[in-house]
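Okay, structure first, notes after.
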Amino acid sequence: MKFIKFLLLGIVFGIVMAKSEAISWFRIQEMFRFQAFHMYGIIGTAVTLGVIGVALIKKFNIRDFHGNPILFLPKDKSVARYLIGGTIFGLGWALSGACPGPMVVNIGYGFLSMVVVFFFAIVGTYLYGVFMKKLPH
């Protein structure tokens, strides 16, 4: 019962994703073909809200649920890590028509072919953990 708030937040997230058509394979293909602004607007809104959220966390020293400070550590800015990782993620997104959030929402909507995509997303995450020490970070 203590995780019910996360379940409710996930349900709201799924509803927002569905109503904004962010789970639509056709909308994602329009984006990758530069035929519509719809998905760029959704992504731009998410990035803007993320920047505002991080700024508020830093300004007001907001803590997590356990009272620990939320820390933002600087990352190495190597070109290879972003090119390789972005290319792999983008290819998976373009080929499957879904990134991780919409993938789960599509499964909830009954598109069972997304179970295959979700399975390989989990496999890819596992393989990243296996090879993490050998990859450019």
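Order determines the names: the first chain of the structure tokens is A, the second B, and so forth; residues in each chain are numbered 1 upward, and ligands are numbered 1 upward as they are shown.
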
Item to check | Contacts of stretch 56-61 of chain A within 12 Å, only C-alpha atoms, excl. fewer than 6 positions in-chain, as a list of chain:residue names | outcome: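 Non-adjacent residues within range: A:Leu49, A:Gly50, A:Gly67, A:Asn68, A:Pro69, A:Ile70, A:Leu71, A:Phe72, A:Leu73.
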
Checklist entry - Using only C-alpha atoms, which residues sit within 10 Å of stretch 110-120 of chain A once same-chain residues fewer than 2 positions away are excluded, as a PyMOL selection string? => result chain A and resi 92-93+95-100+102-108+122-126

Residues just named, written with N, CA and C atoms as a PDB file, in the first residue's frame:
ATOM      1  N   GLY A  92      16.519   2.355 -31.860  1.00  0.00           N
ATOM      2  CA  GLY A  92      15.502   1.537 -31.207  1.00  0.00           C
ATOM      3  C   GLY A  92      14.158   2.236 -31.174  1.00  0.00           C
ATOM      4  N   TRP A  93      14.182   3.532 -30.926  1.00  0.00           N
ATOM      5  CA  TRP A  93      12.952   4.319 -30.870  1.00  0.00           C
ATOM      6  C   TRP A  93      12.292   4.379 -32.242  1.00  0.00           C
ATOM      7  N   LEU A  95      12.771   2.342 -34.861  1.00  0.00           N
ATOM      8  CA  LEU A  95      12.377   1.028 -35.367  1.00  0.00           C
ATOM      9  C   LEU A  95      11.156   0.457 -34.636  1.00  0.00           C
ATOM     10  N   SER A  96      11.087   0.680 -33.340  1.00  0.00           N
ATOM     11  CA  SER A  96       9.967   0.116 -32.578  1.00  0.00           C
ATOM     12  C   SER A  96       8.777   1.052 -32.538  1.00  0.00           C
ATOM     13  N   GLY A  97       9.016   2.338 -32.702  1.00  0.00           N
ATOM     14  CA  GLY A  97       7.933   3.312 -32.627  1.00  0.00           C
ATOM     15  C   GLY A  97       7.565   3.675 -31.207  1.00  0.00           C
ATOM     16  N   ALA A  98       8.438   3.374 -30.252  1.00  0.00           N
ATOM     17  CA  ALA A  98       8.131   3.698 -28.864  1.00  0.00           C
ATOM     18  C   ALA A  98       9.402   3.832 -28.044  1.00  0.00           C
ATOM     19  N   CYS A  99       9.410   4.817 -27.171  1.00  0.00           N
ATOM     20  CA  CYS A  99      10.468   4.909 -26.170  1.00  0.00           C
ATOM     21  C   CYS A  99       9.927   4.288 -24.878  1.00  0.00           C
ATOM     22  N   PRO A 100      10.689   4.209 -23.800  1.00  0.00           N
ATOM     23  CA  PRO A 100      10.273   3.430 -22.639  1.00  0.00           C
ATOM     24  C   PRO A 100       8.897   3.769 -22.053  1.00  0.00           C
ATOM     25  N   PRO A 102       6.026   5.325 -23.479  1.00  0.00           N
ATOM     26  CA  PRO A 102       4.945   4.873 -24.352  1.00  0.00           C
ATOM     27  C   PRO A 102       4.921   3.359 -24.562  1.00  0.00           C
ATOM     28  N   MET A 103       6.060   2.713 -24.430  1.00  0.00           N
ATOM     29  CA  MET A 103       6.121   1.266 -24.585  1.00  0.00           C
ATOM     30  C   MET A 103       5.202   0.586 -23.571  1.00  0.00           C
ATOM     31  N   VAL A 104       5.302   0.986 -22.322  1.00  0.00           N
ATOM     32  CA  VAL A 104       4.502   0.387 -21.264  1.00  0.00           C
ATOM     33  C   VAL A 104       3.032   0.785 -21.407  1.00  0.00           C
ATOM     34  N   VAL A 105       2.779   2.033 -21.807  1.00  0.00           N
ATOM     35  CA  VAL A 105       1.395   2.475 -22.002  1.00  0.00           C
ATOM     36  C   VAL A 105       0.744   1.677 -23.134  1.00  0.00           C
ATOM     37  N   ASN A 106       1.484   1.429 -24.208  1.00  0.00           N
ATOM     38  CA  ASN A 106       0.944   0.634 -25.315  1.00  0.00           C
ATOM     39  C   ASN A 106       0.622  -0.794 -24.872  1.00  0.00           C
ATOM     40  N   ILE A 107       1.441  -1.367 -23.996  1.00  0.00           N
ATOM     41  CA  ILE A 107       1.140  -2.697 -23.462  1.00  0.00           C
ATOM     42  C   ILE A 107      -0.165  -2.632 -22.668  1.00  0.00           C
ATOM     43  N   GLY A 108      -0.315  -1.578 -21.877  1.00  0.00           N
ATOM     44  CA  GLY A 108      -1.551  -1.404 -21.120  1.00  0.00           C
ATOM     45  C   GLY A 108      -2.769  -1.235 -22.004  1.00  0.00           C
ATOM     46  N   ILE A 122      14.545  -4.465 -21.851  1.00  0.00           N
ATOM     47  CA  ILE A 122      15.092  -5.011 -20.607  1.00  0.00           C
ATOM     48  C   ILE A 122      16.414  -5.727 -20.882  1.00  0.00           C
ATOM     49  N   VAL A 123      16.466  -6.500 -21.971  1.00  0.00           N
ATOM     50  CA  VAL A 123      17.709  -7.191 -22.346  1.00  0.00           C
ATOM     51  C   VAL A 123      18.816  -6.167 -22.616  1.00  0.00           C
ATOM     52  N   GLY A 124      18.485  -5.099 -23.333  1.00  0.00           N
ATOM     53  CA  GLY A 124      19.466  -4.049 -23.609  1.00  0.00           C
ATOM     54  C   GLY A 124      19.970  -3.380 -22.343  1.00  0.00           C
ATOM     55  N   THR A 125      19.079  -3.150 -21.395  1.00  0.00           N
ATOM     56  CA  THR A 125      19.476  -2.564 -20.109  1.00  0.00           C
ATOM     57  C   THR A 125      20.404  -3.513 -19.355  1.00  0.00           C
ATOM     58  N   TYR A 126      20.083  -4.793 -19.386  1.00  0.00           N
ATOM     59  CA  TYR A 126      20.924  -5.794 -18.735  1.00  0.00           C
ATOM     60  C   TYR A 126      22.314  -5.835 -19.385  1.00  0.00           C
TER      61      TYR A 126
END

Next on the checklist: Just to confirm, what's the straight-line distance from atom CA of A:Val51 to atom CA of A:Phe26 in Å (one decimal)?
Outcome noted: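 Atom-to-atom, atom CA of A:Val51 to atom CA of A:Phe26, that is 28.1 Å.
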
Checklist entry - Using only C-alpha atoms, which of A:Ile43, A:Ala36, A:Ile62, A:Leu135 sits nearest A:Ile84? => result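 So, comparing all the options, the nearest one is A:Leu135.
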
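Excluding A:Ala18 itself and any same-chain residue fewer than 4 positions from it, the protein and nucleic acid residues within 10 Å of it, counting only C-alpha atoms, are Val12, Phe13, Gly14, Ala22, Ile23, Ser24, Pro102, Val105, Asn106 and Tyr109 of chain A.
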
Just the selected residues (all heavy atoms), exported as a PDB file, in the first residue's frame, please.
ATOM      1  N   VAL A  12      -1.779   8.219 -14.134  1.00  0.00           N
ATOM      2  CA  VAL A  12      -1.939   9.576 -14.666  1.00  0.00           C
ATOM      3  C   VAL A  12      -0.970   9.804 -15.830  1.00  0.00           C
ATOM      4  O   VAL A  12      -1.341  10.371 -16.865  1.00  0.00           O
ATOM      5  CB  VAL A  12      -1.733  10.632 -13.556  1.00  0.00           C
ATOM      6  CG1 VAL A  12      -1.647  12.037 -14.127  1.00  0.00           C
ATOM      7  CG2 VAL A  12      -2.855  10.545 -12.534  1.00  0.00           C
ATOM      8  N   PHE A  13       0.275   9.338 -15.682  1.00  0.00           N
ATOM      9  CA  PHE A  13       1.262   9.459 -16.756  1.00  0.00           C
ATOM     10  C   PHE A  13       0.772   8.753 -18.023  1.00  0.00           C
ATOM     11  O   PHE A  13       0.864   9.295 -19.119  1.00  0.00           O
ATOM     12  CB  PHE A  13       2.604   8.871 -16.305  1.00  0.00           C
ATOM     13  CG  PHE A  13       3.650   8.844 -17.381  1.00  0.00           C
ATOM     14  CD1 PHE A  13       4.287   9.999 -17.774  1.00  0.00           C
ATOM     15  CD2 PHE A  13       4.007   7.640 -17.991  1.00  0.00           C
ATOM     16  CE1 PHE A  13       5.261   9.980 -18.766  1.00  0.00           C
ATOM     17  CE2 PHE A  13       4.974   7.610 -18.975  1.00  0.00           C
ATOM     18  CZ  PHE A  13       5.597   8.785 -19.360  1.00  0.00           C
ATOM     19  N   GLY A  14       0.236   7.554 -17.869  1.00  0.00           N
ATOM     20  CA  GLY A  14      -0.280   6.802 -19.012  1.00  0.00           C
ATOM     21  C   GLY A  14      -1.428   7.515 -19.690  1.00  0.00           C
ATOM     22  O   GLY A  14      -1.513   7.557 -20.923  1.00  0.00           O
ATOM     23  N   ALA A  22       1.219  10.738 -27.643  1.00  0.00           N
ATOM     24  CA  ALA A  22       2.654  10.457 -27.611  1.00  0.00           C
ATOM     25  C   ALA A  22       2.944   8.968 -27.748  1.00  0.00           C
ATOM     26  O   ALA A  22       4.083   8.584 -27.994  1.00  0.00           O
ATOM     27  CB  ALA A  22       3.277  10.994 -26.328  1.00  0.00           C
ATOM     28  N   ILE A  23       1.922   8.118 -27.590  1.00  0.00           N
ATOM     29  CA  ILE A  23       2.120   6.678 -27.725  1.00  0.00           C
ATOM     30  C   ILE A  23       1.862   6.201 -29.150  1.00  0.00           C
ATOM     31  O   ILE A  23       2.036   5.036 -29.457  1.00  0.00           O
ATOM     32  CB  ILE A  23       1.225   5.882 -26.752  1.00  0.00           C
ATOM     33  CG1 ILE A  23      -0.260   6.080 -27.068  1.00  0.00           C
ATOM     34  CG2 ILE A  23       1.545   6.238 -25.323  1.00  0.00           C
ATOM     35  CD1 ILE A  23      -1.178   5.149 -26.324  1.00  0.00           C
ATOM     36  N   SER A  24       1.472   7.101 -30.021  1.00  0.00           N
ATOM     37  CA  SER A  24       1.109   6.741 -31.382  1.00  0.00           C
ATOM     38  C   SER A  24       2.347   6.503 -32.242  1.00  0.00           C
ATOM     39  O   SER A  24       3.199   7.377 -32.377  1.00  0.00           O
ATOM     40  CB  SER A  24       0.254   7.845 -32.002  1.00  0.00           C
ATOM     41  OG  SER A  24       0.098   7.640 -33.386  1.00  0.00           O
ATOM     42  N   PRO A 102       6.026   5.325 -23.479  1.00  0.00           N
ATOM     43  CA  PRO A 102       4.945   4.873 -24.352  1.00  0.00           C
ATOM     44  C   PRO A 102       4.921   3.359 -24.562  1.00  0.00           C
ATOM     45  O   PRO A 102       3.866   2.788 -24.813  1.00  0.00           O
ATOM     46  CB  PRO A 102       5.224   5.589 -25.670  1.00  0.00           C
ATOM     47  CG  PRO A 102       5.938   6.823 -25.272  1.00  0.00           C
ATOM     48  CD  PRO A 102       6.778   6.416 -24.095  1.00  0.00           C
ATOM     49  N   VAL A 105       2.779   2.033 -21.807  1.00  0.00           N
ATOM     50  CA  VAL A 105       1.395   2.475 -22.002  1.00  0.00           C
ATOM     51  C   VAL A 105       0.744   1.677 -23.134  1.00  0.00           C
ATOM     52  O   VAL A 105      -0.417   1.276 -23.036  1.00  0.00           O
ATOM     53  CB  VAL A 105       1.340   3.997 -22.288  1.00  0.00           C
ATOM     54  CG1 VAL A 105      -0.086   4.439 -22.570  1.00  0.00           C
ATOM     55  CG2 VAL A 105       1.912   4.783 -21.112  1.00  0.00           C
ATOM     56  N   ASN A 106       1.484   1.429 -24.208  1.00  0.00           N
ATOM     57  CA  ASN A 106       0.944   0.634 -25.315  1.00  0.00           C
ATOM     58  C   ASN A 106       0.622  -0.794 -24.872  1.00  0.00           C
ATOM     59  O   ASN A 106      -0.376  -1.370 -25.310  1.00  0.00           O
ATOM     60  CB  ASN A 106       1.926   0.610 -26.492  1.00  0.00           C
ATOM     61  CG  ASN A 106       1.789   1.822 -27.381  1.00  0.00           C
ATOM     62  OD1 ASN A 106       0.683   2.237 -27.689  1.00  0.00           O
ATOM     63  ND2 ASN A 106       2.909   2.373 -27.787  1.00  0.00           N
ATOM     64  N   TYR A 109      -2.592  -0.672 -23.170  1.00  0.00           N
ATOM     65  CA  TYR A 109      -3.687  -0.509 -24.123  1.00  0.00           C
ATOM     66  C   TYR A 109      -3.980  -1.789 -24.898  1.00  0.00           C
ATOM     67  O   TYR A 109      -4.892  -1.819 -25.706  1.00  0.00           O
ATOM     68  CB  TYR A 109      -3.368   0.622 -25.103  1.00  0.00           C
ATOM     69  CG  TYR A 109      -4.004   1.928 -24.706  1.00  0.00           C
ATOM     70  CD1 TYR A 109      -3.477   2.704 -23.687  1.00  0.00           C
ATOM     71  CD2 TYR A 109      -5.151   2.378 -25.341  1.00  0.00           C
ATOM     72  CE1 TYR A 109      -4.054   3.892 -23.317  1.00  0.00           C
ATOM     73  CE2 TYR A 109      -5.749   3.561 -24.975  1.00  0.00           C
ATOM     74  CZ  TYR A 109      -5.192   4.319 -23.958  1.00  0.00           C
ATOM     75  OH  TYR A 109      -5.784   5.495 -23.584  1.00  0.00           O
TER      76      TYR A 109
END

Checklist entry - With only C-alpha atoms as the basis for distance, which of A:Arg33, A:Gly85, A:Leu8, A:Met17 is at the shortest distance from A:Ala46? => result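 Distance minimum relative to A:Ala46 lands on A:Met17.
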
Next on the checklist: Taking the DSSP secondary structure from the backbone, can you list the residues of chain A that are helix (DSSP H, G or I), as an NGL selection string?
Outcome noted: :A and (4-19 or 25-32 or 38-60 or 79-96 or 100-108 or 113-134)

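Counting from atom CA of A:Phe37, the distance to atom CA of A:Ile15 is 20.9 Å.
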
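Shortest atom-to-atom contact with A:Gly101 among A:Gly10, A:Gly86, A:Val54, A:Trp25: A:Gly10, counting only C-alpha atoms.
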